[in-house]
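A.B. asks: To start, I am sharing the structure in question, which I have written as structure tokens.
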Amino acid sequence: MIKIALFGSTGSIGTQVLNVVNRYPNLYKIISLTANDNAKELEKQINIYKPRVAVITNPEKVNQIKEVGDTTLYFGQNSLEHALLEDADIVFVALSGFVGYKIVYSALSMNKRVALANKESLVSGGELITKIGKGELIPVDSEHSAIWQCLNFNRDKEFKHLLLTASGGAFRAMTKQEIAEMPASKALNHPNWKMGKKITVDCATMMNKGLEVIEAKWLFNTSLDKIKVVVHPQSIIHSMVAFKDGVTMAQLSYPTMEIPIQLALTYPNRLETGTADYDFYGKSLTFEELDTVKFPCFKLALDSAKAGGNMPCAMNGANEQAVKMYLEGKIKFYDISNAIDHVLQKTIKISQLSTQVLLETDLKSRALVKEFFGDI
Ligand code: NDP
Ligand code: MG
């Protein structure tokens with residue numbers, strides 16, 4: 001049995017990891033689970049999967065968990081590492097946000113195979129993470145999984161360039177004036193994917209694609225000029241790789257995260273997912289350029305990556321804080337990009353990175369966003 005430590009088990013990705021485990025109960029065993037707020041769901045999962053360890057990071061929620069059987073339950077912000085068990089075969093990081101960085105870093109340092117959904121960790125700390133030189137990173141994000149598949153599961157294989165596809169998010173077809181007035185409730189109506197709130201807003205701002213370009217840079221050890229983006233509203237082609245002989249390989253399927261999630265677990269094998277293969281008849285697949293005027297977050301993400309050092313971490317922290325405030329209804333759509341722009345201008349670049357530098361940069365950029373908007 002393959003033993004899985006699952007971080008972020010109550011989220012959109014986390015629950016789909018559990019669907020895969022339910023599909024193949026003789027192959028996988030959950031040995032740890034973590035949640036932040038959702039105590040009831042975590043309690044349910046503890047009683048179904050009977051992990052050795054469970055963690056709830058929000059200490060105010062721990063009292064809502066009554067029944068844990070033989071599971072050891074830890075709580076509090078600093079308790080996540082308790083779920084990083086020595087005997088885990090796969091550490092699945094389905095946490096949302098920069099909070100995933102420390103777990104990814106520790107798991108790789110323990111020489112673990114890390115199934116990585118959490119893109120914010122690589123965006124902020126890719127330089128340090130890729131220097132560890134131990135463990136193995138398995139892409140879960142659908143675009144990066146697609147590229148990995150086009151490269152025959154070999155992240156070091158030579159290519160000419162990568163082509164990330166983007167759905168375009170909830171506001172693709174609107175004018176800039178219309179988008180400016182769109183509340184978070186509308187941004188959460190993603191046309192093709194059902195995901196957590198933060199990433200769904202990131203799709204509406206196109207920040208998600210900016211984060212994914214940076215994620216691809218680190219995962220496939222390449223430069224930004226070899227990563228292109230094309231908007232493909234149907235989300236059937238999940239990404240492509242162009243080779244020097246003029247061939248472009250694409251990976252296609254109906255949009256469901258269970259495919260890349262399951263493949264991250266079963267790799268190098270492919271097992272049934274219950275998803276039908278794509279029916280081409282009567283369909284048309286279309287492609288457009290990304291509009292960086294309507295979606296300035298994309299360019300801000302790339303600017304931070306070009307600057308390097310702690311700048312992508314500052315950009316990510318600013319985005320996380322601004323998206324939180326947009327979801328709370330405190331700021332408007334273009335305030336997100338304005339806040340990130342402000343933070344990038346205020347941040348003093350540090351090239352000598354360490355985990356401490358990243359943690360401080362993240363906190364500082366969140367504080368700068370709060371200060372930017374004042375008392376609201
Ligand atoms: P969700 O918001 O649905 O889930 C996030 C999970 O992390 C939940 O279990 C949540 O706990 C937990 N969590 C949130 N904040 C903290 C914290 N501060 N400390 C500890 N745990 C925390 O997110 P998604 O599943 O949508 O996304 C997870 C990651 O995967 C993100 O990085 C996202 O960008 C990436 N991703 C997601 C895709 C998707 O289809 N959803 C597709 C590709 C990538 P609780 O529920 O208790 O609050
Ligand atoms: Mg993606």
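Letters for chains follow the order of the structure tokens (A, B, ...), residue numbers begin at 1 for each chain, and ligand numbers begin at 1 in the order shown.
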What residues in range 192-259 of chain A get the DSSP label alpha helix (DSSP H)? Please answer as number ranges by chain.
C.D. replies: A: 197-205, 207-219, 258-259
A.B. asks: Show me which residues line ligand 1, defined as having an atom within 8 Å of a ligand atom where only C-alpha atoms and all ligand atoms count, and present them as a ChimeraX atom specification.
C.D. replies: /A:7-15,34-39,41-42,56-58,77,80,93-97,99-100,116-121,140-142,193-200,208,256-257
A.B. asks: Given the choices A:Pro255, A:Pro260, A:Pro183, A:Gly210, which gets closest to Ala276 in chain A if the distance is worked out from only C-alpha atoms?
C.D. replies: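 Selected residue with least distance to Ala276 in chain A: A:Pro255.
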A.B. asks: What's around range 124-126 of chain A at 9 Å? Count only C-alpha atoms, leave out sequence neighbours fewer than 2 positions away in its own chain, and write the answer as a list in words.
C.D. replies: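 Using only C-alpha atoms, the neighbours found are Phe98, Tyr101, Tyr105, Lys119, Glu120, Ser121, Leu122, Leu128, Ile129, Thr130, Lys131, Ile214, Glu215, Lys217, Trp218, Leu219, Asn310, Met311, Pro312, Cys313, Ala314, Met315, Asn316, Gly317, Leu353, Ser354, Thr355, Leu358 and Asp362 of chain A.
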A.B. asks: Name all residues at most 6 Å from Gln251 in chain A (count only C-alpha atoms; drop same-chain ones fewer than 5 positions away) and give them as a ChimeraX atom specification.
C.D. replies: /A:146,237-238
A.B. asks: Could you pull out the strand (DSSP E) residues of range 49-237 of chain A from DSSP and send them as a PDB file with all heavy atoms, in the first residue's frame?
C.D. replies:
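Now in selection_0.pdb:
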```
ATOM      1  N   VAL A  53      -2.443  10.521  12.073  1.00  0.00           N
ATOM      2  CA  VAL A  53      -2.346  11.909  12.537  1.00  0.00           C
ATOM      3  C   VAL A  53      -3.328  12.786  11.757  1.00  0.00           C
ATOM      4  O   VAL A  53      -3.519  12.586  10.548  1.00  0.00           O
ATOM      5  CB  VAL A  53      -0.902  12.432  12.317  1.00  0.00           C
ATOM      6  CG1 VAL A  53      -0.823  13.939  12.501  1.00  0.00           C
ATOM      7  CG2 VAL A  53       0.084  11.730  13.265  1.00  0.00           C
ATOM      8  N   ALA A  54      -3.927  13.727  12.461  1.00  0.00           N
ATOM      9  CA  ALA A  54      -4.721  14.768  11.783  1.00  0.00           C
ATOM     10  C   ALA A  54      -4.372  16.103  12.425  1.00  0.00           C
ATOM     11  O   ALA A  54      -4.012  16.158  13.606  1.00  0.00           O
ATOM     12  CB  ALA A  54      -6.207  14.487  11.913  1.00  0.00           C
ATOM     13  N   VAL A  55      -4.478  17.162  11.627  1.00  0.00           N
ATOM     14  CA  VAL A  55      -4.135  18.500  12.125  1.00  0.00           C
ATOM     15  C   VAL A  55      -5.241  19.465  11.732  1.00  0.00           C
ATOM     16  O   VAL A  55      -5.712  19.451  10.591  1.00  0.00           O
ATOM     17  CB  VAL A  55      -2.798  18.989  11.487  1.00  0.00           C
ATOM     18  CG1 VAL A  55      -2.533  20.450  11.870  1.00  0.00           C
ATOM     19  CG2 VAL A  55      -1.625  18.109  11.901  1.00  0.00           C
ATOM     20  N   ILE A  56      -5.646  20.299  12.691  1.00  0.00           N
ATOM     21  CA  ILE A  56      -6.498  21.444  12.340  1.00  0.00           C
ATOM     22  C   ILE A  56      -5.738  22.700  12.757  1.00  0.00           C
ATOM     23  O   ILE A  56      -5.369  22.857  13.921  1.00  0.00           O
ATOM     24  CB  ILE A  56      -7.922  21.344  12.944  1.00  0.00           C
ATOM     25  CG1 ILE A  56      -8.772  22.544  12.514  1.00  0.00           C
ATOM     26  CG2 ILE A  56      -7.923  21.224  14.475  1.00  0.00           C
ATOM     27  CD1 ILE A  56     -10.111  22.178  11.965  1.00  0.00           C
ATOM     28  N   THR A  72      -4.246  10.673  16.297  1.00  0.00           N
ATOM     29  CA  THR A  72      -3.715  11.746  17.148  1.00  0.00           C
ATOM     30  C   THR A  72      -4.018  13.071  16.461  1.00  0.00           C
ATOM     31  O   THR A  72      -3.640  13.279  15.301  1.00  0.00           O
ATOM     32  CB  THR A  72      -2.180  11.606  17.316  1.00  0.00           C
ATOM     33  OG1 THR A  72      -1.912  10.287  17.782  1.00  0.00           O
ATOM     34  CG2 THR A  72      -1.642  12.629  18.297  1.00  0.00           C
ATOM     35  N   LEU A  73      -4.718  13.952  17.187  1.00  0.00           N
ATOM     36  CA  LEU A  73      -5.126  15.233  16.603  1.00  0.00           C
ATOM     37  C   LEU A  73      -4.269  16.367  17.164  1.00  0.00           C
ATOM     38  O   LEU A  73      -4.164  16.529  18.375  1.00  0.00           O
ATOM     39  CB  LEU A  73      -6.610  15.494  16.925  1.00  0.00           C
ATOM     40  CG  LEU A  73      -7.189  16.808  16.414  1.00  0.00           C
ATOM     41  CD1 LEU A  73      -7.258  16.832  14.889  1.00  0.00           C
ATOM     42  CD2 LEU A  73      -8.589  17.048  17.001  1.00  0.00           C
ATOM     43  N   TYR A  74      -3.647  17.125  16.257  1.00  0.00           N
ATOM     44  CA  TYR A  74      -2.883  18.304  16.671  1.00  0.00           C
ATOM     45  C   TYR A  74      -3.632  19.538  16.199  1.00  0.00           C
ATOM     46  O   TYR A  74      -4.384  19.485  15.224  1.00  0.00           O
ATOM     47  CB  TYR A  74      -1.496  18.313  16.010  1.00  0.00           C
ATOM     48  CG  TYR A  74      -0.601  17.178  16.446  1.00  0.00           C
ATOM     49  CD1 TYR A  74      -0.579  15.976  15.737  1.00  0.00           C
ATOM     50  CD2 TYR A  74       0.239  17.305  17.551  1.00  0.00           C
ATOM     51  CE1 TYR A  74       0.251  14.928  16.125  1.00  0.00           C
ATOM     52  CE2 TYR A  74       1.079  16.265  17.947  1.00  0.00           C
ATOM     53  CZ  TYR A  74       1.074  15.092  17.231  1.00  0.00           C
ATOM     54  OH  TYR A  74       1.893  14.064  17.612  1.00  0.00           O
ATOM     55  N   PHE A  75      -3.409  20.670  16.871  1.00  0.00           N
ATOM     56  CA  PHE A  75      -4.047  21.897  16.413  1.00  0.00           C
ATOM     57  C   PHE A  75      -3.110  23.089  16.567  1.00  0.00           C
ATOM     58  O   PHE A  75      -2.131  23.027  17.311  1.00  0.00           O
ATOM     59  CB  PHE A  75      -5.369  22.149  17.152  1.00  0.00           C
ATOM     60  CG  PHE A  75      -5.204  22.422  18.619  1.00  0.00           C
ATOM     61  CD1 PHE A  75      -5.135  23.728  19.087  1.00  0.00           C
ATOM     62  CD2 PHE A  75      -5.106  21.388  19.537  1.00  0.00           C
ATOM     63  CE1 PHE A  75      -4.972  23.994  20.446  1.00  0.00           C
ATOM     64  CE2 PHE A  75      -4.938  21.641  20.890  1.00  0.00           C
ATOM     65  CZ  PHE A  75      -4.871  22.939  21.347  1.00  0.00           C
ATOM     66  N   ILE A  90       4.096   9.330  -0.367  1.00  0.00           N
ATOM     67  CA  ILE A  90       3.753  10.527  -1.150  1.00  0.00           C
ATOM     68  C   ILE A  90       3.225  11.598  -0.202  1.00  0.00           C
ATOM     69  O   ILE A  90       2.363  11.324   0.642  1.00  0.00           O
ATOM     70  CB  ILE A  90       2.671  10.214  -2.210  1.00  0.00           C
ATOM     71  CG1 ILE A  90       3.190   9.182  -3.219  1.00  0.00           C
ATOM     72  CG2 ILE A  90       2.221  11.487  -2.925  1.00  0.00           C
ATOM     73  CD1 ILE A  90       2.210   8.805  -4.308  1.00  0.00           C
ATOM     74  N   VAL A  91       3.767  12.796  -0.331  1.00  0.00           N
ATOM     75  CA  VAL A  91       3.238  13.938   0.417  1.00  0.00           C
ATOM     76  C   VAL A  91       2.433  14.762  -0.585  1.00  0.00           C
ATOM     77  O   VAL A  91       2.998  15.289  -1.551  1.00  0.00           O
ATOM     78  CB  VAL A  91       4.382  14.775   1.029  1.00  0.00           C
ATOM     79  CG1 VAL A  91       3.824  16.011   1.725  1.00  0.00           C
ATOM     80  CG2 VAL A  91       5.204  13.917   1.994  1.00  0.00           C
ATOM     81  N   PHE A  92       1.135  14.805  -0.392  1.00  0.00           N
ATOM     82  CA  PHE A  92       0.267  15.506  -1.338  1.00  0.00           C
ATOM     83  C   PHE A  92      -0.033  16.888  -0.770  1.00  0.00           C
ATOM     84  O   PHE A  92      -0.692  16.999   0.262  1.00  0.00           O
ATOM     85  CB  PHE A  92      -1.029  14.723  -1.575  1.00  0.00           C
ATOM     86  CG  PHE A  92      -1.607  14.985  -2.936  1.00  0.00           C
ATOM     87  CD1 PHE A  92      -1.705  13.972  -3.869  1.00  0.00           C
ATOM     88  CD2 PHE A  92      -2.036  16.248  -3.303  1.00  0.00           C
ATOM     89  CE1 PHE A  92      -2.210  14.211  -5.148  1.00  0.00           C
ATOM     90  CE2 PHE A  92      -2.547  16.501  -4.568  1.00  0.00           C
ATOM     91  CZ  PHE A  92      -2.629  15.472  -5.495  1.00  0.00           C
ATOM     92  N   VAL A  93       0.454  17.939  -1.444  1.00  0.00           N
ATOM     93  CA  VAL A  93       0.277  19.291  -0.900  1.00  0.00           C
ATOM     94  C   VAL A  93      -0.854  19.995  -1.652  1.00  0.00           C
ATOM     95  O   VAL A  93      -0.661  20.542  -2.737  1.00  0.00           O
ATOM     96  CB  VAL A  93       1.587  20.098  -0.927  1.00  0.00           C
ATOM     97  CG1 VAL A  93       1.392  21.410  -0.159  1.00  0.00           C
ATOM     98  CG2 VAL A  93       2.731  19.290  -0.307  1.00  0.00           C
ATOM     99  N   ARG A 113       8.595  12.025  -2.206  1.00  0.00           N
ATOM    100  CA  ARG A 113       7.909  12.349  -3.454  1.00  0.00           C
ATOM    101  C   ARG A 113       6.768  13.300  -3.089  1.00  0.00           C
ATOM    102  O   ARG A 113       5.911  12.954  -2.263  1.00  0.00           O
ATOM    103  CB  ARG A 113       7.357  11.080  -4.106  1.00  0.00           C
ATOM    104  CG  ARG A 113       6.556  11.371  -5.358  1.00  0.00           C
ATOM    105  CD  ARG A 113       6.077  10.109  -6.037  1.00  0.00           C
ATOM    106  NE  ARG A 113       7.148   9.468  -6.788  1.00  0.00           N
ATOM    107  CZ  ARG A 113       6.968   8.413  -7.566  1.00  0.00           C
ATOM    108  NH1 ARG A 113       5.758   7.870  -7.700  1.00  0.00           N
ATOM    109  NH2 ARG A 113       7.985   7.889  -8.230  1.00  0.00           N
ATOM    110  N   VAL A 114       6.771  14.485  -3.691  1.00  0.00           N
ATOM    111  CA  VAL A 114       5.764  15.498  -3.361  1.00  0.00           C
ATOM    112  C   VAL A 114       4.845  15.706  -4.554  1.00  0.00           C
ATOM    113  O   VAL A 114       5.294  16.142  -5.621  1.00  0.00           O
ATOM    114  CB  VAL A 114       6.438  16.842  -2.978  1.00  0.00           C
ATOM    115  CG1 VAL A 114       5.399  17.924  -2.731  1.00  0.00           C
ATOM    116  CG2 VAL A 114       7.323  16.669  -1.749  1.00  0.00           C
ATOM    117  N   ALA A 115       3.569  15.382  -4.392  1.00  0.00           N
ATOM    118  CA  ALA A 115       2.567  15.696  -5.415  1.00  0.00           C
ATOM    119  C   ALA A 115       2.124  17.129  -5.143  1.00  0.00           C
ATOM    120  O   ALA A 115       1.536  17.417  -4.095  1.00  0.00           O
ATOM    121  CB  ALA A 115       1.391  14.735  -5.327  1.00  0.00           C
ATOM    122  N   LEU A 116       2.437  18.025  -6.070  1.00  0.00           N
ATOM    123  CA  LEU A 116       2.301  19.456  -5.784  1.00  0.00           C
ATOM    124  C   LEU A 116       1.140  20.102  -6.520  1.00  0.00           C
ATOM    125  O   LEU A 116       1.210  20.345  -7.717  1.00  0.00           O
ATOM    126  CB  LEU A 116       3.601  20.186  -6.158  1.00  0.00           C
ATOM    127  CG  LEU A 116       3.631  21.653  -5.752  1.00  0.00           C
ATOM    128  CD1 LEU A 116       3.718  21.806  -4.244  1.00  0.00           C
ATOM    129  CD2 LEU A 116       4.777  22.373  -6.424  1.00  0.00           C
ATOM    130  N   GLU A 136      11.347  14.372  -4.949  1.00  0.00           N
ATOM    131  CA  GLU A 136      10.853  14.457  -6.327  1.00  0.00           C
ATOM    132  C   GLU A 136       9.565  15.277  -6.333  1.00  0.00           C
ATOM    133  O   GLU A 136       8.686  15.052  -5.497  1.00  0.00           O
ATOM    134  CB  GLU A 136      10.562  13.031  -6.817  1.00  0.00           C
ATOM    135  CG  GLU A 136      10.203  12.945  -8.268  1.00  0.00           C
ATOM    136  CD  GLU A 136       9.824  11.513  -8.706  1.00  0.00           C
ATOM    137  OE1 GLU A 136       9.712  10.629  -7.833  1.00  0.00           O
ATOM    138  OE2 GLU A 136       9.622  11.306  -9.892  1.00  0.00           O
ATOM    139  N   LEU A 137       9.480  16.225  -7.281  1.00  0.00           N
ATOM    140  CA  LEU A 137       8.258  17.018  -7.403  1.00  0.00           C
ATOM    141  C   LEU A 137       7.405  16.466  -8.535  1.00  0.00           C
ATOM    142  O   LEU A 137       7.888  16.329  -9.669  1.00  0.00           O
ATOM    143  CB  LEU A 137       8.609  18.467  -7.754  1.00  0.00           C
ATOM    144  CG  LEU A 137       8.907  19.444  -6.624  1.00  0.00           C
ATOM    145  CD1 LEU A 137       9.278  20.808  -7.201  1.00  0.00           C
ATOM    146  CD2 LEU A 137       7.710  19.589  -5.682  1.00  0.00           C
ATOM    147  N   ILE A 138       6.151  16.160  -8.240  1.00  0.00           N
ATOM    148  CA  ILE A 138       5.231  15.671  -9.268  1.00  0.00           C
ATOM    149  C   ILE A 138       4.171  16.750  -9.508  1.00  0.00           C
ATOM    150  O   ILE A 138       3.478  17.148  -8.564  1.00  0.00           O
ATOM    151  CB  ILE A 138       4.504  14.382  -8.793  1.00  0.00           C
ATOM    152  CG1 ILE A 138       5.503  13.316  -8.336  1.00  0.00           C
ATOM    153  CG2 ILE A 138       3.557  13.863  -9.858  1.00  0.00           C
ATOM    154  CD1 ILE A 138       6.296  12.694  -9.439  1.00  0.00           C
ATOM    155  N   PRO A 139       4.052  17.237 -10.755  1.00  0.00           N
ATOM    156  CA  PRO A 139       3.068  18.301 -10.996  1.00  0.00           C
ATOM    157  C   PRO A 139       1.624  17.792 -10.896  1.00  0.00           C
ATOM    158  O   PRO A 139       1.324  16.695 -11.367  1.00  0.00           O
ATOM    159  CB  PRO A 139       3.352  18.734 -12.443  1.00  0.00           C
ATOM    160  CG  PRO A 139       4.522  17.960 -12.921  1.00  0.00           C
ATOM    161  CD  PRO A 139       4.789  16.856 -11.967  1.00  0.00           C
ATOM    162  N   HIS A 161       9.700  25.211 -26.807  1.00  0.00           N
ATOM    163  CA  HIS A 161       8.996  26.042 -25.829  1.00  0.00           C
ATOM    164  C   HIS A 161       7.751  25.334 -25.303  1.00  0.00           C
ATOM    165  O   HIS A 161       7.302  24.326 -25.860  1.00  0.00           O
ATOM    166  CB  HIS A 161       8.650  27.433 -26.378  1.00  0.00           C
ATOM    167  CG  HIS A 161       7.760  27.408 -27.578  1.00  0.00           C
ATOM    168  ND1 HIS A 161       8.216  27.666 -28.844  1.00  0.00           N
ATOM    169  CD2 HIS A 161       6.438  27.159 -27.709  1.00  0.00           C
ATOM    170  CE1 HIS A 161       7.210  27.581 -29.702  1.00  0.00           C
ATOM    171  NE2 HIS A 161       6.126  27.271 -29.041  1.00  0.00           N
ATOM    172  N   LEU A 162       7.231  25.883 -24.204  1.00  0.00           N
ATOM    173  CA  LEU A 162       6.011  25.366 -23.593  1.00  0.00           C
ATOM    174  C   LEU A 162       4.859  26.307 -23.951  1.00  0.00           C
ATOM    175  O   LEU A 162       5.064  27.516 -24.075  1.00  0.00           O
ATOM    176  CB  LEU A 162       6.149  25.332 -22.062  1.00  0.00           C
ATOM    177  CG  LEU A 162       7.381  24.621 -21.504  1.00  0.00           C
ATOM    178  CD1 LEU A 162       7.414  24.740 -19.979  1.00  0.00           C
ATOM    179  CD2 LEU A 162       7.370  23.141 -21.916  1.00  0.00           C
ATOM    180  N   LEU A 163       3.674  25.755 -24.117  1.00  0.00           N
ATOM    181  CA  LEU A 163       2.488  26.564 -24.399  1.00  0.00           C
ATOM    182  C   LEU A 163       1.431  26.247 -23.342  1.00  0.00           C
ATOM    183  O   LEU A 163       0.810  25.178 -23.375  1.00  0.00           O
ATOM    184  CB  LEU A 163       1.945  26.173 -25.763  1.00  0.00           C
ATOM    185  CG  LEU A 163       2.084  27.215 -26.848  1.00  0.00           C
ATOM    186  CD1 LEU A 163       2.231  26.541 -28.179  1.00  0.00           C
ATOM    187  CD2 LEU A 163       0.888  28.132 -26.858  1.00  0.00           C
ATOM    188  N   LEU A 164       1.278  27.175 -22.399  1.00  0.00           N
ATOM    189  CA  LEU A 164       0.267  26.970 -21.356  1.00  0.00           C
ATOM    190  C   LEU A 164      -1.077  27.453 -21.886  1.00  0.00           C
ATOM    191  O   LEU A 164      -1.168  28.568 -22.406  1.00  0.00           O
ATOM    192  CB  LEU A 164       0.592  27.787 -20.111  1.00  0.00           C
ATOM    193  CG  LEU A 164       1.866  27.503 -19.326  1.00  0.00           C
ATOM    194  CD1 LEU A 164       1.890  28.359 -18.067  1.00  0.00           C
ATOM    195  CD2 LEU A 164       1.949  26.048 -18.955  1.00  0.00           C
ATOM    196  N   THR A 165      -2.109  26.651 -21.734  1.00  0.00           N
ATOM    197  CA  THR A 165      -3.438  27.125 -22.117  1.00  0.00           C
ATOM    198  C   THR A 165      -4.123  27.753 -20.903  1.00  0.00           C
ATOM    199  O   THR A 165      -3.845  27.394 -19.759  1.00  0.00           O
ATOM    200  CB  THR A 165      -4.310  25.984 -22.673  1.00  0.00           C
ATOM    201  OG1 THR A 165      -4.280  24.899 -21.744  1.00  0.00           O
ATOM    202  CG2 THR A 165      -3.827  25.527 -24.028  1.00  0.00           C
ATOM    203  N   ALA A 166      -5.027  28.700 -21.203  1.00  0.00           N
ATOM    204  CA  ALA A 166      -5.770  29.399 -20.145  1.00  0.00           C
ATOM    205  C   ALA A 166      -7.234  29.447 -20.553  1.00  0.00           C
ATOM    206  O   ALA A 166      -7.536  29.717 -21.716  1.00  0.00           O
ATOM    207  CB  ALA A 166      -5.231  30.823 -20.009  1.00  0.00           C
ATOM    208  N   ILE A 227       8.275  30.194 -22.388  1.00  0.00           N
ATOM    209  CA  ILE A 227       6.935  29.821 -21.920  1.00  0.00           C
ATOM    210  C   ILE A 227       5.915  30.774 -22.533  1.00  0.00           C
ATOM    211  O   ILE A 227       5.949  31.977 -22.284  1.00  0.00           O
ATOM    212  CB  ILE A 227       6.853  29.864 -20.378  1.00  0.00           C
ATOM    213  CG1 ILE A 227       8.001  29.056 -19.753  1.00  0.00           C
ATOM    214  CG2 ILE A 227       5.504  29.315 -19.911  1.00  0.00           C
ATOM    215  CD1 ILE A 227       8.123  29.209 -18.248  1.00  0.00           C
ATOM    216  N   LYS A 228       5.027  30.233 -23.358  1.00  0.00           N
ATOM    217  CA  LYS A 228       4.005  31.063 -23.999  1.00  0.00           C
ATOM    218  C   LYS A 228       2.640  30.715 -23.406  1.00  0.00           C
ATOM    219  O   LYS A 228       2.463  29.622 -22.867  1.00  0.00           O
ATOM    220  CB  LYS A 228       3.972  30.803 -25.506  1.00  0.00           C
ATOM    221  CG  LYS A 228       5.301  31.085 -26.170  1.00  0.00           C
ATOM    222  CD  LYS A 228       5.236  30.861 -27.659  1.00  0.00           C
ATOM    223  CE  LYS A 228       6.628  31.088 -28.261  1.00  0.00           C
ATOM    224  NZ  LYS A 228       6.631  31.004 -29.705  1.00  0.00           N
ATOM    225  N   VAL A 229       1.707  31.640 -23.570  1.00  0.00           N
ATOM    226  CA  VAL A 229       0.360  31.415 -23.043  1.00  0.00           C
ATOM    227  C   VAL A 229      -0.645  31.632 -24.158  1.00  0.00           C
ATOM    228  O   VAL A 229      -0.517  32.570 -24.946  1.00  0.00           O
ATOM    229  CB  VAL A 229       0.074  32.377 -21.865  1.00  0.00           C
ATOM    230  CG1 VAL A 229      -1.402  32.382 -21.501  1.00  0.00           C
ATOM    231  CG2 VAL A 229       0.908  31.997 -20.640  1.00  0.00           C
ATOM    232  N   VAL A 230      -1.629  30.772 -24.253  1.00  0.00           N
ATOM    233  CA  VAL A 230      -2.695  30.953 -25.233  1.00  0.00           C
ATOM    234  C   VAL A 230      -4.044  30.711 -24.538  1.00  0.00           C
ATOM    235  O   VAL A 230      -4.186  29.771 -23.756  1.00  0.00           O
ATOM    236  CB  VAL A 230      -2.493  30.023 -26.467  1.00  0.00           C
ATOM    237  CG1 VAL A 230      -2.504  28.546 -26.099  1.00  0.00           C
ATOM    238  CG2 VAL A 230      -3.547  30.285 -27.531  1.00  0.00           C
ATOM    239  N   VAL A 231      -4.992  31.632 -24.774  1.00  0.00           N
ATOM    240  CA  VAL A 231      -6.315  31.469 -24.171  1.00  0.00           C
ATOM    241  C   VAL A 231      -7.114  30.481 -25.018  1.00  0.00           C
ATOM    242  O   VAL A 231      -7.197  30.614 -26.244  1.00  0.00           O
ATOM    243  CB  VAL A 231      -7.047  32.833 -24.062  1.00  0.00           C
ATOM    244  CG1 VAL A 231      -8.464  32.647 -23.531  1.00  0.00           C
ATOM    245  CG2 VAL A 231      -6.261  33.772 -23.156  1.00  0.00           C
ATOM    246  N   ILE A 237      -7.716  21.283 -24.312  1.00  0.00           N
ATOM    247  CA  ILE A 237      -6.253  21.112 -24.371  1.00  0.00           C
ATOM    248  C   ILE A 237      -5.687  21.734 -23.095  1.00  0.00           C
ATOM    249  O   ILE A 237      -5.907  22.919 -22.831  1.00  0.00           O
ATOM    250  CB  ILE A 237      -5.650  21.816 -25.600  1.00  0.00           C
ATOM    251  CG1 ILE A 237      -6.214  21.202 -26.885  1.00  0.00           C
ATOM    252  CG2 ILE A 237      -4.114  21.719 -25.578  1.00  0.00           C
ATOM    253  CD1 ILE A 237      -5.649  21.798 -28.143  1.00  0.00           C
TER     254      ILE A 237
END
```
A.B. asks: Show which residues sit within 8 Å of Gln262 in chain A, as a PyMOL selection string. Count only C-alpha atoms, and ignore same-chain residues fewer than 6 positions away.
C.D. replies: chain A and resi 17+20+273
A.B. asks: Could you turn the residues from that selection into a file that holds N, CA, C and O atoms, as a PDB file, in the first residue's frame?
C.D. replies:
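Listed below is the output, result-v8.pdb:
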```pdb
ATOM      1  N   VAL A  17      -8.501  14.140  -4.106  1.00  0.00           N
ATOM      2  CA  VAL A  17      -7.482  13.122  -3.800  1.00  0.00           C
ATOM      3  C   VAL A  17      -8.172  11.955  -3.088  1.00  0.00           C
ATOM      4  O   VAL A  17      -7.921  10.777  -3.400  1.00  0.00           O
ATOM      5  N   VAL A  20      -9.929   9.625  -5.370  1.00  0.00           N
ATOM      6  CA  VAL A  20      -9.026   8.668  -6.028  1.00  0.00           C
ATOM      7  C   VAL A  20      -8.720   7.514  -5.070  1.00  0.00           C
ATOM      8  O   VAL A  20      -8.732   6.336  -5.460  1.00  0.00           O
ATOM      9  N   THR A 273     -10.142   6.444 -14.642  1.00  0.00           N
ATOM     10  CA  THR A 273     -10.602   7.528 -13.769  1.00  0.00           C
ATOM     11  C   THR A 273     -12.129   7.649 -13.780  1.00  0.00           C
ATOM     12  O   THR A 273     -12.694   8.420 -13.011  1.00  0.00           O
TER      13      THR A 273
END
```
A.B. asks: Would you mind telling me which residue in A:Arg23, A:His144, A:Lys112, A:Lys44 lies nearest to ligand 2 when using only C-alpha atoms and all ligand atoms?
C.D. replies: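 For ligand 2, the nearest of the candidates is A:His144.
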